[in-house]
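K.L.:
I have a structure here, written as structure tokens, and I will follow up with some questions on it.
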Amino acid sequence: SIEKIQVLSISVEGNIRISEEDIIRNARLWDGKEIDLEDIQKSVKNLWKLGRFGDIQILIEEEKQEGIKLIIQVEELPILDKLIFEGNKKIRDKTLE
């Protein structure tokens, strides 16, 4: 069996709209949790399922005798901020909206 290692701390980088707490909670990681590589892969999968990120990486920031410090790096997908309709002659823009 693969040896598990303790998570000492978790920080999040790159988040804009989604809180650090929500990202950590959805990754199902917490300080003191014993994890292995499979757990990290599951965390990435859980975050992908949210459909809010273009990129997700979980990196080891520091490795100590007693455990590891993790960084969850995310790149949020952009929000649709405006809609432009082109070539519509039969239906008014308001109706399409």
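Residue numbers start at 1 in each chain; chains themselves are named A, B, ... in the order of the structure tokens; ligands are numbered from 1 in the order shown.
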Excluding segment 68-72 of chain A and residues on its chain fewer than 5 positions from it, collect all residues at most 7 Å away from it, counting only C-alpha atoms, and give them as an mmCIF file with C-alpha atoms, in the first residue's frame.

P.N.:
data_model
loop_
_atom_site.group_PDB
_atom_site.id
_atom_site.type_symbol
_atom_site.label_atom_id
_atom_site.label_comp_id
_atom_site.auth_asym_id
_atom_site.auth_seq_id
_atom_site.Cartn_x
_atom_site.Cartn_y
_atom_site.Cartn_z
ATOM 1 C CA GLN A 6 -0.544 14.481 6.257
ATOM 2 C CA VAL A 7 -1.781 17.808 4.868
ATOM 3 C CA LEU A 8 -0.383 20.618 7.028
ATOM 4 C CA SER A 9 -2.021 23.515 5.182
ATOM 5 C CA ILE A 10 -3.831 24.368 1.948
ATOM 6 C CA SER A 11 -3.866 27.653 0.104
ATOM 7 C CA VAL A 12 -5.613 28.659 -3.109
ATOM 8 C CA GLU A 13 -4.265 30.829 -5.932
ATOM 9 C CA GLN A 57 -3.392 22.143 -10.444
ATOM 10 C CA ILE A 58 -2.617 20.918 -6.961
ATOM 11 C CA LEU A 59 1.029 21.425 -6.080
ATOM 12 C CA ILE A 60 3.191 20.687 -3.071
ATOM 13 C CA GLU A 61 4.440 24.040 -1.775
ATOM 14 C CA GLU A 62 6.553 22.568 0.983
ATOM 15 C CA GLU A 63 7.439 19.081 2.184
#

K.L.:
Name all residues at most 12 Å from segment 40-55 of chain A (count only C-alpha atoms; drop same-chain ones fewer than 3 positions away) and give them as a ChimeraX atom specification.

P.N.:
/A:4-5,7,13-18,22-30,33-37,58-60,70-79

K.L.:
For atom CA of Glu38 of chain A and atom CA of Ser19 of chain A, quote the distance in Å rounded to one decimal.

P.N.:
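We find that atom CA of Glu38 of chain A and atom CA of Ser19 of chain A lie 24.4 Å from each other.
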
K.L.:
Return as a list of chain:residue names the full set of residues in chain A whose backbone-based DSSP assignment is helix (DSSP H, G or I).

P.N.:
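These are the residues in question: A:Glu20, A:Glu21, A:Asp22, A:Ile23, A:Ile24, A:Arg25, A:Asn26, A:Ala27, A:Leu37, A:Glu38, A:Asp39, A:Ile40, A:Gln41, A:Lys42, A:Ser43, A:Val44, A:Lys45, A:Asn46, A:Leu47, A:Trp48, A:Lys49, A:Asp93, A:Lys94, A:Thr95, A:Leu96.
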